[in-house]
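Engineer: Coordinates in model_6.txt, compact mmCIF, C-alpha atoms, are listed below.
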```txt
# COMPACT_ATOMS: atom_id res chain seq x y z
CA MET A 28 57.88 155.75 1.89
CA ALA A 29 54.57 153.92 2.17
CA GLY A 30 54.37 150.67 0.29
CA ARG A 31 58.03 149.79 0.68
CA GLY A 32 59.16 146.81 2.74
CA ALA A 33 60.13 147.58 6.30
CA MET A 34 63.82 146.96 5.73
CA GLN A 35 64.37 148.31 2.20
CA GLY A 36 62.95 151.67 3.09
CA ASN A 37 63.94 152.73 6.55
CA VAL A 38 60.46 153.57 7.77
CA ILE A 39 58.20 151.11 9.56
CA SER A 40 54.46 151.79 9.54
CA ASP A 41 55.07 155.33 8.21
CA ARG A 42 56.27 156.29 11.65
CA TYR A 43 59.53 154.72 12.84
CA GLU A 44 62.63 155.64 10.87
CA LEU A 45 65.42 153.10 11.41
CA ASP A 46 68.80 154.74 12.05
CA GLY A 47 71.08 151.77 12.61
CA ARG A 48 71.25 148.27 13.99
CA LEU A 49 71.94 147.97 17.72
CA GLY A 50 72.16 144.21 17.83
CA SER A 51 70.77 140.99 16.45
CA GLY A 52 70.19 137.43 17.51
CA GLY A 53 68.51 134.37 16.08
CA MET A 54 65.06 135.70 16.88
CA SER A 55 65.19 139.38 16.07
CA SER A 56 67.18 142.46 15.18
CA VAL A 57 67.06 145.65 17.22
CA TYR A 58 67.40 149.04 15.58
CA LYS A 59 67.79 152.54 16.92
CA ALA A 60 64.99 154.58 15.37
CA THR A 61 63.23 157.92 15.38
CA ASP A 62 59.53 158.02 16.17
CA HIS A 63 58.29 160.78 13.85
CA VAL A 64 54.95 161.12 15.63
CA LEU A 65 56.34 161.79 19.10
CA GLU A 66 59.73 163.03 17.84
CA ARG A 67 61.83 160.85 20.13
CA THR A 68 64.48 158.18 19.82
CA VAL A 69 63.22 154.63 20.34
CA ALA A 70 64.47 151.06 19.88
CA VAL A 71 62.59 148.86 17.41
CA LYS A 72 62.84 145.09 17.68
CA VAL A 73 61.97 143.39 14.38
CA LEU A 74 61.14 139.69 14.48
CA ALA A 75 63.29 137.47 12.23
CA GLU A 76 61.51 136.53 9.01
CA HIS A 77 61.43 132.77 9.69
CA LEU A 78 59.55 133.55 12.91
CA SER A 79 57.11 135.94 11.28
CA ASP A 80 55.83 132.99 9.24
CA ASP A 81 55.10 130.95 12.37
CA GLU A 82 51.53 132.02 13.19
CA LYS A 83 51.43 130.42 16.63
CA PHE A 84 54.70 132.08 17.55
CA VAL A 85 53.52 135.47 16.30
CA ALA A 86 50.31 135.20 18.35
CA ARG A 87 52.33 134.46 21.51
CA PHE A 88 54.88 137.17 20.69
CA ARG A 89 52.12 139.78 20.42
CA ARG A 90 50.36 138.53 23.56
CA GLU A 91 53.60 138.77 25.55
CA ALA A 92 54.32 142.23 24.12
CA LEU A 93 50.89 143.44 25.27
CA ALA A 94 51.43 141.97 28.76
CA VAL A 95 54.87 143.59 29.06
CA ALA A 96 53.56 146.94 27.82
CA ARG A 97 51.60 147.14 31.08
CA LEU A 98 54.82 147.00 33.11
CA ILE A 99 55.85 150.55 33.92
CA HIS A 100 58.82 150.69 36.28
CA PRO A 101 62.15 152.58 36.30
CA ASN A 102 64.07 149.26 36.19
CA ILE A 103 62.21 147.83 33.20
CA VAL A 104 62.64 148.87 29.56
CA GLN A 105 59.27 150.34 28.61
CA VAL A 106 57.37 148.85 25.65
CA PHE A 107 55.56 151.60 23.71
CA ASP A 108 53.99 149.94 20.69
CA THR A 109 53.74 146.72 18.71
CA GLY A 110 52.57 146.11 15.18
CA VAL A 111 53.15 144.53 11.80
CA ASP A 112 54.33 146.13 8.56
CA HIS A 113 54.62 144.16 5.31
CA GLY A 114 54.49 140.90 7.25
CA GLN A 115 57.23 141.97 9.64
CA HIS A 116 56.30 142.02 13.30
CA TYR A 117 57.93 144.57 15.55
CA ILE A 118 57.97 145.94 19.09
CA VAL A 119 58.83 149.57 19.84
CA MET A 120 60.65 150.15 23.13
CA GLU A 121 62.34 152.82 25.14
CA TYR A 122 65.86 153.49 23.80
CA VAL A 123 68.46 152.89 26.51
CA ASP A 124 71.82 154.58 26.00
CA GLY A 125 73.91 152.21 28.07
CA ARG A 126 75.74 148.92 27.98
CA SER A 127 74.41 145.45 28.53
CA GLY A 128 75.75 143.28 31.31
CA ALA A 129 77.25 141.09 28.58
CA GLN A 130 79.22 144.05 27.19
CA ILE A 131 80.44 144.95 30.68
CA LEU A 132 81.63 141.36 31.23
CA GLN A 133 83.50 141.44 27.92
CA THR A 134 85.53 144.50 28.91
CA SER A 135 86.14 143.80 32.61
CA ARG A 136 86.79 140.35 34.04
CA GLN A 137 85.24 141.16 37.41
CA ILE A 138 83.51 144.22 38.73
CA GLU A 139 83.63 145.70 42.22
CA PRO A 140 81.27 144.01 44.70
CA GLU A 141 79.52 147.37 45.37
CA ALA A 142 78.72 147.81 41.67
CA ALA A 143 77.68 144.16 41.23
CA VAL A 144 75.27 144.40 44.17
CA GLU A 145 73.86 147.70 42.90
CA ILE A 146 73.23 146.20 39.44
CA ALA A 147 71.58 143.13 40.98
CA ALA A 148 69.50 145.09 43.50
CA GLN A 149 68.07 147.34 40.79
CA ALA A 150 67.32 144.29 38.62
CA CYS A 151 65.58 142.77 41.68
CA ALA A 152 63.37 145.87 42.00
CA GLY A 153 62.21 145.45 38.39
CA LEU A 154 61.66 141.70 38.84
CA GLU A 155 59.76 142.16 42.11
CA TYR A 156 57.39 144.61 40.40
CA ALA A 157 56.85 142.29 37.40
CA HIS A 158 56.32 139.25 39.64
CA ARG A 159 53.63 141.13 41.57
CA GLN A 160 51.90 141.74 38.22
CA GLY A 161 52.09 138.01 37.55
CA ILE A 162 54.85 138.19 34.91
CA ILE A 163 57.98 136.02 35.16
CA HIS A 164 60.93 137.17 33.05
CA ARG A 165 62.15 133.60 32.24
CA ASP A 166 65.34 134.75 30.51
CA VAL A 167 67.40 136.83 32.94
CA LYS A 168 70.98 136.93 31.62
CA PRO A 169 73.69 139.59 31.26
CA GLY A 170 72.52 140.52 27.74
CA ASN A 171 69.05 141.39 29.10
CA LEU A 172 70.34 143.83 31.76
CA MET A 173 70.99 147.33 30.46
CA VAL A 174 73.31 149.42 32.64
CA ILE A 175 73.43 153.19 32.30
CA GLY A 176 76.24 155.18 33.94
CA GLY A 177 78.01 153.77 36.97
CA PRO A 178 81.67 152.74 37.24
CA ALA A 179 81.59 150.82 33.96
CA GLY A 180 79.99 153.74 32.12
CA ASP A 181 80.49 157.48 32.56
CA GLY A 182 80.85 157.25 36.33
CA GLY A 183 77.50 158.98 36.82
CA GLU A 184 74.64 157.57 38.88
CA MET A 185 73.92 153.98 37.86
CA ALA A 186 70.56 152.89 36.49
CA VAL A 187 69.72 149.32 35.49
CA LYS A 188 66.86 148.27 33.21
CA LEU A 189 65.67 144.75 32.40
CA THR A 190 64.65 144.02 28.84
CA ASP A 191 63.10 141.13 26.85
CA PHE A 192 60.45 140.14 29.40
CA GLY A 193 58.36 137.14 28.42
CA ILE A 194 60.04 136.62 25.06
CA ALA A 195 61.30 133.22 26.25
CA ARG A 196 57.74 132.19 26.99
CA ALA A 197 56.71 132.93 23.41
CA THR A 198 59.55 130.70 22.23
CA GLU A 199 58.98 127.83 24.64
CA GLN A 200 56.21 126.08 22.77
CA SER A 201 57.44 127.12 19.34
CA ARG A 202 58.34 124.40 16.88
CA LEU A 203 61.73 126.04 16.25
CA THR A 204 64.87 124.10 16.85
CA GLN A 205 66.65 126.33 19.25
CA VAL A 206 69.57 124.22 20.28
CA GLY A 207 72.13 126.98 19.80
CA SER A 208 70.21 129.61 21.70
CA VAL A 209 69.34 127.20 24.51
CA VAL A 210 72.94 126.19 25.20
CA GLY A 211 73.88 129.88 25.26
CA THR A 212 71.34 130.66 27.96
CA ALA A 213 71.20 127.25 29.67
CA ALA A 214 73.71 128.38 32.29
CA TYR A 215 71.11 130.86 33.58
CA LEU A 216 68.13 128.49 33.50
CA ALA A 217 66.97 127.34 36.92
CA PRO A 218 67.08 123.52 37.26
CA GLU A 219 63.28 123.32 37.40
CA GLN A 220 63.03 125.30 34.14
CA ALA A 221 65.63 123.04 32.54
CA ARG A 222 63.38 120.09 33.47
CA GLY A 223 60.50 121.75 31.66
CA GLU A 224 58.56 122.78 34.76
CA GLU A 225 56.72 126.09 35.00
CA ALA A 226 58.95 129.06 35.82
CA THR A 227 58.28 130.91 39.09
CA PRO A 228 59.72 134.04 40.75
CA ALA A 229 62.35 131.73 42.30
CA SER A 230 63.45 130.76 38.75
CA ASP A 231 64.24 134.42 38.00
CA VAL A 232 66.06 134.62 41.36
CA TYR A 233 68.27 131.70 40.27
CA ALA A 234 69.07 133.28 36.91
CA LEU A 235 69.98 136.58 38.54
CA GLY A 236 72.12 134.65 41.04
CA VAL A 237 74.13 133.29 38.10
CA VAL A 238 74.52 136.83 36.72
CA ILE A 239 75.78 138.17 40.07
CA TYR A 240 78.19 135.25 40.40
CA GLN A 241 79.54 136.07 36.94
CA LEU A 242 79.86 139.79 37.68
CA LEU A 243 81.79 139.05 40.89
CA THR A 244 84.06 136.29 39.56
CA GLY A 245 84.24 136.68 35.79
CA ARG A 246 83.05 133.08 35.33
CA LEU A 247 79.91 130.96 35.48
CA PRO A 248 79.14 128.83 38.57
CA TYR A 249 78.96 125.75 36.32
CA GLU A 250 80.67 125.29 32.98
CA GLY A 251 79.42 122.73 30.49
CA SER A 252 79.71 122.34 26.74
CA SER A 253 76.27 120.73 26.42
CA LEU A 254 72.92 120.81 28.19
CA ALA A 255 73.49 117.29 29.50
CA GLU A 256 76.94 118.07 30.89
CA LEU A 257 75.63 121.24 32.52
CA ALA A 258 72.75 119.32 34.14
CA ILE A 259 75.06 116.58 35.48
CA ARG A 260 77.49 119.11 36.95
CA ARG A 261 74.66 121.01 38.56
CA GLU A 262 73.26 117.85 40.15
CA ASN A 263 76.62 116.63 41.46
CA GLU A 264 78.77 119.68 42.16
CA GLN A 265 78.51 122.71 44.39
CA PRO A 266 79.74 125.94 42.81
CA LEU A 267 82.90 127.31 44.39
CA PRO A 268 82.10 130.34 46.54
CA PRO A 269 82.75 133.68 44.78
CA THR A 270 85.34 134.45 47.49
CA SER A 271 87.59 131.75 46.03
CA TYR A 272 87.93 133.80 42.81
CA ASN A 273 87.75 137.33 44.15
CA ASP A 274 89.29 138.45 47.46
CA ALA A 275 87.22 141.63 47.45
CA VAL A 276 83.95 139.69 47.96
CA PRO A 277 82.87 139.58 51.62
CA GLU A 278 82.19 136.06 52.92
CA THR A 279 78.62 137.09 53.83
CA LEU A 280 77.95 138.26 50.25
CA SER A 281 79.33 134.98 48.93
CA VAL A 282 76.85 133.07 51.12
CA ALA A 283 73.92 135.15 49.80
CA VAL A 284 74.91 134.48 46.17
CA LEU A 285 75.19 130.73 46.80
CA MET A 286 71.74 130.72 48.42
CA ALA A 287 70.29 132.18 45.20
CA LEU A 288 71.90 129.27 43.32
CA GLU A 289 70.33 126.45 45.36
CA ASN A 290 69.03 123.67 43.09
CA ASP A 291 65.87 123.34 45.19
CA PRO A 292 63.65 126.42 44.70
CA GLU A 293 62.42 126.01 48.31
CA LEU A 294 65.94 126.75 49.58
CA ARG A 295 66.37 129.85 47.41
CA PHE A 296 65.07 133.33 48.14
CA SER A 297 61.35 133.18 47.36
CA THR A 298 61.16 136.78 46.14
CA ALA A 299 63.43 139.13 44.23
CA ARG A 300 63.12 141.63 47.06
CA SER A 301 64.46 139.14 49.61
CA LEU A 302 67.44 138.46 47.31
CA ALA A 303 68.17 142.20 47.09
CA ASP A 304 67.95 142.54 50.88
CA ALA A 305 70.32 139.59 51.37
CA LEU A 306 72.85 140.96 48.85
CA ARG A 307 72.87 144.38 50.51
CA ALA A 308 73.24 142.78 53.95
CA GLY A 309 76.02 140.50 52.66
CA LEU A 310 77.89 143.44 51.13
CA ALA A 311 77.74 145.18 54.51
CA GLY A 312 79.17 142.08 56.22
CA ARG A 313 75.89 140.91 57.77
CA ASP A 314 74.64 137.35 57.44
CA PRO A 315 71.87 137.05 54.84
```
Please rewrite the model in this file as structure tokens.
Structural biologist:
Amino acid sequence: MAGRGAMQGNVISDRYELDGRLGSGGMSSVYKATDHVLERTVAVKVLAEHLSDDEKFVARFRREALAVARLIHPNIVQVFDTGVDHGQHYIVMEYVDGRSGAQILQTSRQIEPEAAVEIAAQACAGLEYAHRQGIIHRDVKPGNLMVIGGPAGDGGEMAVKLTDFGIARATEQSRLTQVGSVVGTAAYLAPEQARGEEATPASDVYALGVVIYQLLTGRLPYEGSSLAELAIRRENEQPLPPTSYNDAVPETLSVAVLMALENDPELRFSTARSLADALRAGLAGRDP
């Protein structure tokens, strides 16, 4: 197999045999693969070819991959390896046999408040750990939350894992025109990030607040067909409380979610842990 391009043959670096595509976006494709050295199933993310030619991007991509590989936590998808084969850059990660938050939202309009809070609280645990290591996710959205089991899966115990840490940072300074991908994720960007300021733990809190809002209500707190429209709405409108769309949401939980969505980072929860505590309290009917 050696000497063949990564995609024509199915083996990358004489080690990872690609078994099938799990998903793809503008930046990369993810494949299920077998690691023949450790004899285990893994996920391999292969950078899109137009990005592999961008040397600055590749340097940042590899630097972020190395930083994320140091994050070892049950609520974070583990990065095992990174490398290049025939000019194609790749990251090898833990294979998660579950569904993304985006897939869950496609099949069910709203999910039960208990399940939504459990998903968010586990995501908070992963974020809190990463933040303490000095790493901000920067791109928390339903597609980057993997959910295993739980009511939307096989009914077993639920486990949530965050993926794609730091990838947004690698893209930020890239010369790519990313208009399409930005509008897709703009709804989850904290206002300060949208203004081009440095992301902080409170920026991840905001993004996760949007995800919880969506899980509870089946819609985004702000709708907008362009970045400008989204920004104007966010400046001038308050999102409707989740209770107005879903009777099952306790008023106290609704308040906690809206606090995570404050435009001013100072008014938000300053840590992921404090958001998790507030959501659990709100679910139980206590004021956050």
Engineer: I'd like to know which of A:Glu139, A:Asp314, A:Asp108, A:Asp81 is closest to A:Asn273, using all atoms listed in the file.
Structural biologist: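 Closest residue, counting all atoms listed in the file: A:Glu139.
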Engineer: Report, in Å to a single decimal, how far apart atom CA of A:Leu154 and atom CA of A:Ala299 are.
Structural biologist: 6.2 Å
Engineer: Return the single residue from A:Ser301, A:Gln160, A:Gln137, A:Asn171 that is closest to A:Thr244, with distances computed using only C-alpha atoms.
Structural biologist: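 The answer is A:Gln137, which sits nearest to A:Thr244.
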Engineer: Quick one: residues within 10 Å of A:Asp124, all atoms listed in the file, excluding same-chain residues fewer than 3 positions away - as a list of chain:residue names?
Structural biologist: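 The residues satisfying every condition are A:Glu121, A:Ser127, A:Met173, A:Val174, A:Ile175, A:Gly176.
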Engineer: Pull the closest atom pair for each residue of stretch 131-150 of chain A that gets at most 12 Å from stretch 82-105 of chain A, along with the distance in Å to one decimal, counting all atoms listed in the file, ordering rows by chain and then ascending residue number, as a tab-separated table.
Structural biologist:
```
residue	atom	partner	partner_atom	distance
A:Glu145	CA	A:Asn102	CA	12.0
A:Ile146	CA	A:Asn102	CA	10.2
A:Ala147	CA	A:Asn102	CA	10.8
A:Ala148	CA	A:Asn102	CA	10.0
A:Gln149	CA	A:Asn102	CA	6.4
A:Ala150	CA	A:Asn102	CA	6.4
```
Engineer: Taking all atoms listed in the file into account, which of A:Val57, A:Ile162, A:Ala217, A:Leu257 comes nearest A:Met120?
Structural biologist: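 Nearest to A:Met120: A:Val57.
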Engineer: May I ask for the distance between atom CA of A:Val71 and atom CA of A:Phe192, given in Å to one decimal place?
Structural biologist: 15.0 Å
Engineer: Stretch 148-153 of chain A, all listed atoms, 3 Å padding on each side: what axis-aligned box centre and edge lengths in Å to one decimal come out, as AutoDock Vina command-line options?
Structural biologist:
```
--center_x 65.9 --center_y 145.1 --center_z 40.9 --size_x 13.3 --size_y 10.6 --size_z 11.1
```
Engineer: List every protein, DNA or RNA residue with an atom no more than 10 Å from (63.8, 149.8, 17.5) in the file's coordinates, counting all atoms listed in the file, and format the result as a list of chain:residue names.
Structural biologist: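 Taken together, the residues in range are A:Ile39, A:Tyr43, A:Glu44, A:Leu45, A:Asp46, A:Gly47, A:Arg48, A:Leu49, A:Ser56, A:Val57, A:Tyr58, A:Lys59, A:Ala60, A:Thr61, A:Asp62, A:Thr68, A:Val69, A:Ala70, A:Val71, A:Lys72, A:Val73, A:Tyr117, A:Ile118, A:Val119, A:Met120, A:Glu121, A:Tyr122.
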Engineer: Counting all atoms listed in the file, which residue out of A:Gln133, A:Cys151, A:Glu141, A:Asn290 sits closest to A:Arg222?
Structural biologist: A:Asn290
Engineer: Which residue is closest to A:Gly236? Choose from A:Pro277, A:Ser253, A:Ala214, A:Val284 and count all atoms listed in the file.
Structural biologist: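 Smallest distance to A:Gly236 is found for A:Val284.
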Engineer: Kindly give the distance, in Å, that separates atom CA of A:Ala308 and atom CA of A:Ala283, rounded to a single decimal.
Structural biologist: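 Taking atom CA of A:Ala308 and atom CA of A:Ala283, their separation equals 8.7 Å.
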Engineer: When you count only C-alpha atoms, which of these residues is closest to A:Glu293: A:Asn37, A:Ser230, A:Ser252, A:Thr212?
Structural biologist: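 For A:Glu293, the nearest of the given residues is A:Ser230.
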Engineer: Excluding same-chain residues fewer than 3 positions from A:Tyr240, what lies within 12 Å of it counting only C-alpha atoms, as a count of residues only?
Structural biologist: 44
